[in-house]
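K.L.:
Structure below; questions to follow.
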Number of protein chains: 2
Amino acid sequence: MAVGNLLFPELPPLNGVRLGTAMAGIKKPDRRDVVVIELPETSTVAGVFTRNAFCAAPVIVAKAHLEECLSTGRVPRYWLVNTGNANAGTGETGLQDAYASCAALAEHVGVKQSQVLPFSTGVIGEPLPMARLLAGVPNALGSLADTSQAWQQAGEGILTTDTRPKGATVTVAVGDQQVTINGITKGSGMIKPNMATMLGFVVTDAAIDQPLLASLLRETVDRSFNCITVDSDTSTNDACLLAATGTGARIESDEQIAIFRNALQRVMTELAQSIIRDGEGATKFVTLQVNEATTRQEALDVAFTVAHSPLVKTALYASDANWGRILAAVGRAPVEAFDVSHVVIDLGDVRLVEKGGRADSYTEAAGSAVMSQEEIIIRINLGRGEESATVWTSDLSHDYVTINADYRS
Amino acid sequence: MAVGNLLFPELPPLNGVRLGTAMAGIKKPDRRDVVVIELPETSTVAGVFTRNAFCAAPVIVAKAHLEECLSTGRVPRYWLVNTGNANAGTGETGLQDAYASCAALAEHVGVKQSQVLPFSTGVIGEPLPMARLLAGVPNALGSLADTSQAWQQAGEGILTTDTRPKGATVTVAVGDQQVTINGITKGSGMIKPNMATMLGFVVTDAAIDQPLLASLLRETVDRSFNCITVDSDTSTNDACLLAATGTGARIESDEQIAIFRNALQRVMTELAQSIIRDGEGATKFVTLQVNEATTRQEALDVAFTVAHSPLVKTALYASDANWGRILAAVGRAPVEAFDVSHVVIDLGDVRLVEKGGRADSYTEAAGSAVMSQEEIIIRINLGRGEESATVWTSDLSHDYVTINADYRS
């Protein structure tokens, strides 16, 4: 299942950025499962990674290589992605495999090993099939191209249980120049350790100093990938990378940064939302908007408590305007000295809750009409302060159970 | 669905404790839905209640009445329970209804209104059908009896979506006297705000001062009802009451307290576990035992993170020894400076994880053999300290989605 009928957009070529794919048979034959993204020498690169303590070998290596590049002034020019195997829970062997795959690619193209960042997604706990992966690398390199088609094939090559490739692109004017941001992503949950993970690869042709790039990445990820949840789990392999090739307009003044940040946020948000729309078993795309909180964290806490409630999620699946479940979830959120008589909850344009109970104006018919839609907005005003947060989630369907219960059997 | 084939035990009569039920048609005809529990004048009473900020009207009134009794030296002699309607999210009217139902019962039996504690469970947000409830009260009073059958009927009278009544009883020797503890409970989740809640009513014939009784209740609930989870939600109506009738042995010396605490813990744990065994859609009864934590809270955090993971729960449902999902859930638990290379995870007698990855000795066949059982123990040793915690949970099945998605439709 998936919500809506999103097509992969046409991502324009970016000067000096080439993408290649190969069918290496990592897990299944005849599908793209190795992807290489090549960046020009003029690039700056930043990354954010999963906080899961059991993070996968490629995450450890990608972070180490990125660090090494930053401290030695080198550019991490190659991103090597495989699907079909997460190389997680694989101990010392997994680490050696991740390093060896970087070394192999580096030797082919004549860069330092640390200039290659590895990413893996797929089954946890099985050794990376190194012979097949290494055989795939030269094929992927041989297909490197800067075309829209190459972007689309890379988008397909990073998928696991996703039902469709996910991309986004924005072009904005910065002064008299144009800046483009292309992104691809994969994942149908914050985690599916058996066969998935969230990966995001975003490249712009702007010129941006690394510290600024890193802060823009963190900031926009915090309001996109960190605000989505399918099943409340955090993967061992999650990573989101941002590169600025330096071939186009320079972003440094406050005004330039503001324009670029907006554009980057649009790309990040669109990518993150595309993951939810393709969430495992998703039949609904749900926006949870919490307002009037004391702090943004408080707003996020309430939003995620509702977004994670299996009872709210099953009610969404059933198109049941079961406002009592939303109210109960809000009531158990970790909020200090919570006076619920100030809480107002709207479902789309229909007022559900006010003054600690069901709104007088509420009717089942009005609530059900909103609930039967494929895209639903739940607005929760806490009446405590001025901070807000928005979180996107999907429903909990029979298909979710089927996908996750029947996966390995 | 329910795990195992537990029968309601024969609860022995307790001197001065009478129970009555009525079929008041609160939501459906021809089922016991009003229960009255009568305690002797010599009783002490303690209660713990939901921390949900949107707590229901009867919770507010029961707490207020209990407080009033404690400060005026009165005994809360009557517990009035209805199912079919939670009287939650009902605002000012709901509060008036809760007070009025206590007043009505108090007038029938000639006690102060504050000596009646009200409890409701069922649909949220609909007004309590007061005429039917008030008509049921004299019928319930008319059937008051101290027999085992009366205990069983009370156990049936507090159910909602539960598939079977739940009771426990323990008798222990304290010096040369015997002390009995009887308990009944209901609930198939920590919350099902549409038509449920967790309620527990426990009575002993011992004589125990109220402050000690209150501390024993908190302590044993913390290791029983507060250590179970079906779906991570906390009800608006949860309550657990403990009364000591004062007719039997006095509990005051350290040795007496130790014996009684043990017996009470057995009753509480058995009741709490019976809720999980009857969890919505449950096909597995899962014990999560976390050891070698720095603090008990840390152990609880890890246990609940695993217990709440939809991916772990669907794997349990599928009898899939998907150790990667357990590992990933442990890895995202909120543990400071978490060195996962010290973590050891056992599934029953089978070692799953050690040294940050799959145990060398592990085989799928061994893991699957354990996973196919109806009762499963997952032991997680963190290798950080000496504290432990045990949490009980159920799996996430198609029936859970069916029950919660199709409930109102």
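Ordering of the structure tokens sets the chain letters (A, B, ...); residue numbers start at 1 within each chain; ligands are numbered from 1 in the order shown.
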Can you write out as a tab-separated table which residues of chain B fall within 8 Å of chain A, alongside each residue's closest atom pair and its distance in Å to one decimal, counting only C-alpha atoms and ordering rows by chain and ascending residue number?
P.N.:
```
residue	atom	partner	partner_atom	distance
B:Arg51	CA	A:Arg332	CA	7.1
B:Asn52	CA	A:Arg332	CA	4.6
B:Ala53	CA	A:Gly331	CA	4.4
B:Phe54	CA	A:Gly331	CA	4.8
B:Cys55	CA	A:Gly331	CA	7.7
B:Ala88	CA	A:Gly357	CA	7.8
B:Gly89	CA	A:Gly357	CA	4.1
B:Thr90	CA	A:Gly357	CA	5.3
B:Gly91	CA	A:Gly357	CA	5.3
B:Ile124	CA	A:Gly324	CA	5.7
B:Gly125	CA	A:Arg358	CA	6.4
B:Lys192	CA	A:Leu311	CA	7.3
B:Pro193	CA	A:Arg325	CA	5.8
B:Asn194	CA	A:Gly324	CA	6.6
B:Asp231	CA	A:Pro310	CA	6.3
B:Ser232	CA	A:Ser309	CA	7.2
B:Asp233	CA	A:Ser309	CA	6.6
B:Thr234	CA	A:Arg332	CA	6.4
B:Ser235	CA	A:Ala328	CA	6.7
B:Thr236	CA	A:Ala328	CA	6.2
B:Ser309	CA	A:Asp233	CA	6.6
B:Pro310	CA	A:Asp231	CA	6.3
B:Leu311	CA	A:Asn404	CA	6.6
B:Thr314	CA	A:Ala405	CA	4.9
B:Ala315	CA	A:Ala405	CA	5.3
B:Leu316	CA	A:Ala405	CA	8.0
B:Tyr317	CA	A:Ala405	CA	6.5
B:Ala318	CA	A:Ala405	CA	4.8
B:Asp320	CA	A:Ser409	CA	7.2
B:Asn322	CA	A:Asn194	CA	7.5
B:Gly324	CA	A:Ile124	CA	5.7
B:Arg325	CA	A:Pro193	CA	5.7
B:Leu327	CA	A:Phe54	CA	7.0
B:Ala328	CA	A:Thr236	CA	6.2
B:Ala329	CA	A:Asp233	CA	7.0
B:Val330	CA	A:Phe54	CA	7.9
B:Gly331	CA	A:Ala53	CA	4.4
B:Arg332	CA	A:Asn52	CA	4.6
B:Phe338	CA	A:Ala53	CA	6.3
B:Asp339	CA	A:Ala53	CA	7.3
B:Val340	CA	A:Phe54	CA	6.3
B:Lys355	CA	A:Gly91	CA	7.1
B:Gly356	CA	A:Gly91	CA	5.8
B:Gly357	CA	A:Gly89	CA	4.1
B:Arg358	CA	A:Gly89	CA	6.3
B:Leu396	CA	A:Val401	CA	7.5
B:Ser397	CA	A:Val401	CA	6.7
B:His398	CA	A:His398	CA	6.0
B:Val401	CA	A:Thr314	CA	6.2
B:Thr402	CA	A:His398	CA	7.7
B:Asn404	CA	A:Thr314	CA	5.9
B:Ala405	CA	A:Ala318	CA	4.9
B:Asp406	CA	A:Ala318	CA	6.5
B:Arg408	CA	A:Asp320	CA	7.2
B:Ser409	CA	A:Asp320	CA	7.1
```
K.L.:
Write out as a list in words each polymer residue whose atoms come within 8 Å of segment 133-145 of chain A, counting only C-alpha atoms; drop sequence neighbours fewer than 6 positions from it.
P.N.:
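After dropping sequence-adjacent residues, the list is Val17, Arg18, Leu19, Gly20, Thr21, Ala22, Met23, Ala24, Ile26, Val34, Val35, Val36, Glu38, Asn82, Ser101, Ala104, Leu105 and His108 of chain A.
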K.L.:
I need the chosen residues saved as a CSV table (one decimal), in the first residue's frame, with N, CA, C and O atoms.
P.N.:
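Contents of the output file selection12.csv:
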```csv
chain,number,residue,atom,x,y,z
A,17,VAL,N,28.4,16.0,-11.0
A,17,VAL,CA,27.8,15.0,-10.2
A,17,VAL,C,27.4,13.8,-11.1
A,17,VAL,O,26.5,14.0,-12.0
A,18,ARG,N,28.0,12.6,-10.8
A,18,ARG,CA,27.6,11.5,-11.7
A,18,ARG,C,27.1,10.3,-10.8
A,18,ARG,O,27.5,10.2,-9.6
A,19,LEU,N,26.2,9.6,-11.3
A,19,LEU,CA,25.6,8.5,-10.5
A,19,LEU,C,25.7,7.2,-11.4
A,19,LEU,O,25.4,7.2,-12.6
A,20,GLY,N,26.0,6.1,-10.7
A,20,GLY,CA,26.1,4.8,-11.4
A,20,GLY,C,25.4,3.7,-10.6
A,20,GLY,O,25.4,3.8,-9.4
A,21,THR,N,24.9,2.7,-11.3
A,21,THR,CA,24.3,1.6,-10.6
A,21,THR,C,24.7,0.3,-11.2
A,21,THR,O,25.2,0.2,-12.3
A,22,ALA,N,24.6,-0.8,-10.4
A,22,ALA,CA,24.9,-2.1,-10.9
A,22,ALA,C,23.9,-3.1,-10.3
A,22,ALA,O,23.3,-2.9,-9.2
A,23,MET,N,23.7,-4.2,-11.0
A,23,MET,CA,22.9,-5.3,-10.5
A,23,MET,C,23.9,-6.4,-10.0
A,23,MET,O,24.4,-7.2,-10.8
A,24,ALA,N,24.2,-6.4,-8.7
A,24,ALA,CA,25.3,-7.2,-8.2
A,24,ALA,C,24.7,-8.5,-7.5
A,24,ALA,O,25.5,-9.4,-7.1
A,26,ILE,N,23.2,-8.8,-4.7
A,26,ILE,CA,23.5,-8.8,-3.2
A,26,ILE,C,22.5,-9.8,-2.5
A,26,ILE,O,22.9,-10.6,-1.7
A,34,VAL,N,23.5,-1.9,-6.2
A,34,VAL,CA,24.8,-1.1,-5.8
A,34,VAL,C,24.7,0.2,-6.5
A,34,VAL,O,24.4,0.3,-7.7
A,35,VAL,N,24.9,1.3,-5.8
A,35,VAL,CA,24.8,2.6,-6.3
A,35,VAL,C,26.1,3.4,-5.9
A,35,VAL,O,26.6,3.3,-4.8
A,36,VAL,N,26.7,4.1,-6.9
A,36,VAL,CA,27.8,5.0,-6.6
A,36,VAL,C,27.4,6.4,-7.0
A,36,VAL,O,26.9,6.6,-8.0
A,38,GLU,N,29.2,10.1,-7.4
A,38,GLU,CA,30.5,10.7,-7.5
A,38,GLU,C,30.3,12.3,-7.5
A,38,GLU,O,29.5,12.8,-8.1
A,82,ASN,N,24.9,0.0,-0.9
A,82,ASN,CA,24.3,-1.3,-1.3
A,82,ASN,C,23.0,-1.5,-0.6
A,82,ASN,O,22.8,-1.1,0.6
A,101,SER,N,35.3,-2.5,1.2
A,101,SER,CA,34.6,-2.1,0.1
A,101,SER,C,34.9,-0.7,-0.3
A,101,SER,O,35.0,-0.4,-1.5
A,104,ALA,N,38.4,-0.9,-2.1
A,104,ALA,CA,38.2,-1.4,-3.5
A,104,ALA,C,37.8,-0.3,-4.4
A,104,ALA,O,38.4,-0.1,-5.5
A,105,LEU,N,36.8,0.5,-4.1
A,105,LEU,CA,36.3,1.5,-4.9
A,105,LEU,C,37.4,2.6,-5.1
A,105,LEU,O,37.7,3.1,-6.2
A,108,HIS,N,40.0,1.6,-7.6
A,108,HIS,CA,39.5,1.8,-9.0
A,108,HIS,C,39.6,3.2,-9.5
A,108,HIS,O,39.9,3.4,-10.7
```
K.L.:
Identify, with DSSP run on backbone atoms, the residues in segment 76-140 of chain A assigned to helix (DSSP H, G or I), and express the list as a ChimeraX atom specification.
P.N.:
/A:91-109,113-115,130-140
K.L.:
Nearest to Val202 of chain B among B:Ser394, B:Thr44, B:Gln297, B:Gln178, with distances taken over only C-alpha atoms: which residue is it?
P.N.:
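Ranking B:Ser394, B:Thr44, B:Gln297, B:Gln178 by distance to Val202 of chain B, first place goes to B:Thr44.
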K.L.:
Return the single residue from A:Glu156, A:Ala239, A:Leu213, A:Pro76 that is closest to Phe119 of chain A, with distances computed using only C-alpha atoms.
P.N.:
A:Ala239
K.L.:
Just the residues within 10 Å of Arg261 of chain B, please, counting only C-alpha atoms, with nothing from its chain fewer than 5 positions along; format it as a list in words.
P.N.:
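Contacts, in chain order: Leu213, Leu216, Leu217, Glu219, Thr220, Ile251, Glu255, Gln256, Arg266 and Val267 of chain B.
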K.L.:
Okay, now the selection with C-alpha atoms, as a compact mmCIF listing (two decimals), in the first residue's frame?
P.N.:
```txt
# COMPACT_ATOMS: atom_id res chain seq x y z
CA LEU B 213 -0.98 -0.26 53.26
CA LEU B 216 2.78 -1.74 50.08
CA LEU B 217 0.28 -1.01 47.32
CA GLU B 219 5.54 -0.95 45.83
CA THR B 220 3.76 -4.07 44.54
CA ILE B 251 0.80 -6.82 59.97
CA GLU B 255 8.91 -10.05 59.53
CA GLN B 256 5.14 -9.81 59.18
CA ARG B 266 2.23 -12.75 44.12
CA VAL B 267 -1.42 -11.69 43.86
```
K.L.:
State, in Å with one decimal place, the distance from atom CA of Arg277 of chain A to atom CA of Ala307 of chain B.
P.N.:
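Between atom CA of Arg277 of chain A and atom CA of Ala307 of chain B the gap is 26.3 Å.
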K.L.:
Write down as JSON, numbers by chain the residues of segment 204-398 of chain A whose backbone DSSP state falls under strand (DSSP E).
P.N.:
{"A": [204, 228, 229, 239, 240, 241, 242, 243, 244, 285, 286, 287, 288, 289, 290, 291, 292, 293, 344, 345, 346, 347, 350, 351, 352, 353, 354, 357, 358, 375, 376, 377, 378, 379, 380, 381, 387, 388, 389, 390, 391, 392, 393, 394]}
K.L.:
Can you tell me, as a list in words, what residues are no more than 8 Å from Cys102 of chain A when counting only C-alpha atoms, ignoring any on the same chain fewer than 4 positions away?
P.N.:
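The residues that qualify are Leu80, Ala98, Ala106, Gln113, Ser114, Val116, Leu117 and Pro118 of chain A.
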K.L.:
Would you write out those residues with N, CA, C and O atoms, as a CSV table (one decimal), in the first residue's frame?
P.N.:
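Writing the result to again-v4.csv gives the following:
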```
chain,number,residue,atom,x,y,z
A,80,LEU,N,29.2,5.1,-1.6
A,80,LEU,CA,28.9,3.7,-2.1
A,80,LEU,C,27.8,3.1,-1.3
A,80,LEU,O,27.9,2.9,-0.1
A,98,ALA,N,33.2,-3.3,5.5
A,98,ALA,CA,32.9,-1.9,5.1
A,98,ALA,C,34.1,-1.2,4.7
A,98,ALA,O,34.1,-0.5,3.7
A,106,ALA,N,38.1,2.9,-4.0
A,106,ALA,CA,39.1,4.0,-4.0
A,106,ALA,C,40.2,3.6,-5.0
A,106,ALA,O,40.8,4.4,-5.7
A,113,GLN,N,41.2,5.9,0.5
A,113,GLN,CA,40.1,5.1,1.0
A,113,GLN,C,39.1,5.9,1.8
A,113,GLN,O,37.9,5.7,1.7
A,114,SER,N,39.6,6.9,2.5
A,114,SER,CA,38.7,7.7,3.4
A,114,SER,C,37.8,8.6,2.5
A,114,SER,O,36.9,9.2,3.1
A,116,VAL,N,35.9,7.6,0.3
A,116,VAL,CA,34.7,6.8,0.0
A,116,VAL,C,33.9,6.6,1.3
A,116,VAL,O,34.4,6.2,2.3
A,117,LEU,N,32.6,7.0,1.2
A,117,LEU,CA,31.7,6.7,2.4
A,117,LEU,C,30.7,5.6,2.0
A,117,LEU,O,30.1,5.6,1.0
A,118,PRO,N,30.7,4.6,2.9
A,118,PRO,CA,29.8,3.4,2.6
A,118,PRO,C,28.5,3.5,3.3
A,118,PRO,O,28.3,4.0,4.4
```
K.L.:
If we count only C-alpha atoms and set the cut-off at 12 Å, which residues sit around Ala173 of chain A, ignoring sequence neighbours fewer than 3 positions away in its own chain? Please answer as a compact mmCIF listing (two decimals) with C-alpha atoms, in the first residue's frame.
P.N.:
```txt
# COMPACT_ATOMS: atom_id res chain seq x y z
CA VAL A 170 13.99 22.50 -6.14
CA ASP A 176 21.15 36.57 -10.44
CA GLN A 177 22.19 32.92 -10.26
CA GLN A 178 20.19 29.73 -9.95
CA VAL A 179 20.76 27.06 -7.34
CA THR A 180 19.40 23.54 -7.67
CA ILE A 181 19.00 20.94 -4.92
CA ALA A 206 25.78 25.74 -4.63
CA GLY A 248 27.44 27.25 -8.72
CA ALA A 249 26.37 30.25 -6.66
CA ARG A 250 28.06 30.88 -3.33
CA ILE A 251 25.81 30.85 -0.26
CA GLU A 255 19.90 36.62 2.67
CA GLN A 256 21.50 33.88 0.54
CA ILE A 257 21.41 31.51 3.48
CA ALA A 258 17.73 32.26 4.12
CA ILE A 259 16.81 31.52 0.51
CA PHE A 260 18.88 28.36 0.40
CA ASN A 262 14.03 27.47 2.60
CA ALA A 263 14.74 25.57 -0.57
```
K.L.:
Would you pick out the contacts of Lys284 of chain A at 6 Å or less, using only C-alpha atoms, so that residues sharing its chain but fewer than 4 positions from it are not included, and give the list as a list in words?
P.N.:
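Those residues are Glu374, Glu375, Ser394 and Asp395 of chain A.
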K.L.:
Would you please work out which residue, of A:Ser71, A:Thr269, A:Ser215, A:Thr247, is nearest to Gly183 of chain A when using only C-alpha atoms?
P.N.:
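Comparing A:Ser71, A:Thr269, A:Ser215, A:Thr247 against Gly183 of chain A, the winner is A:Thr269.
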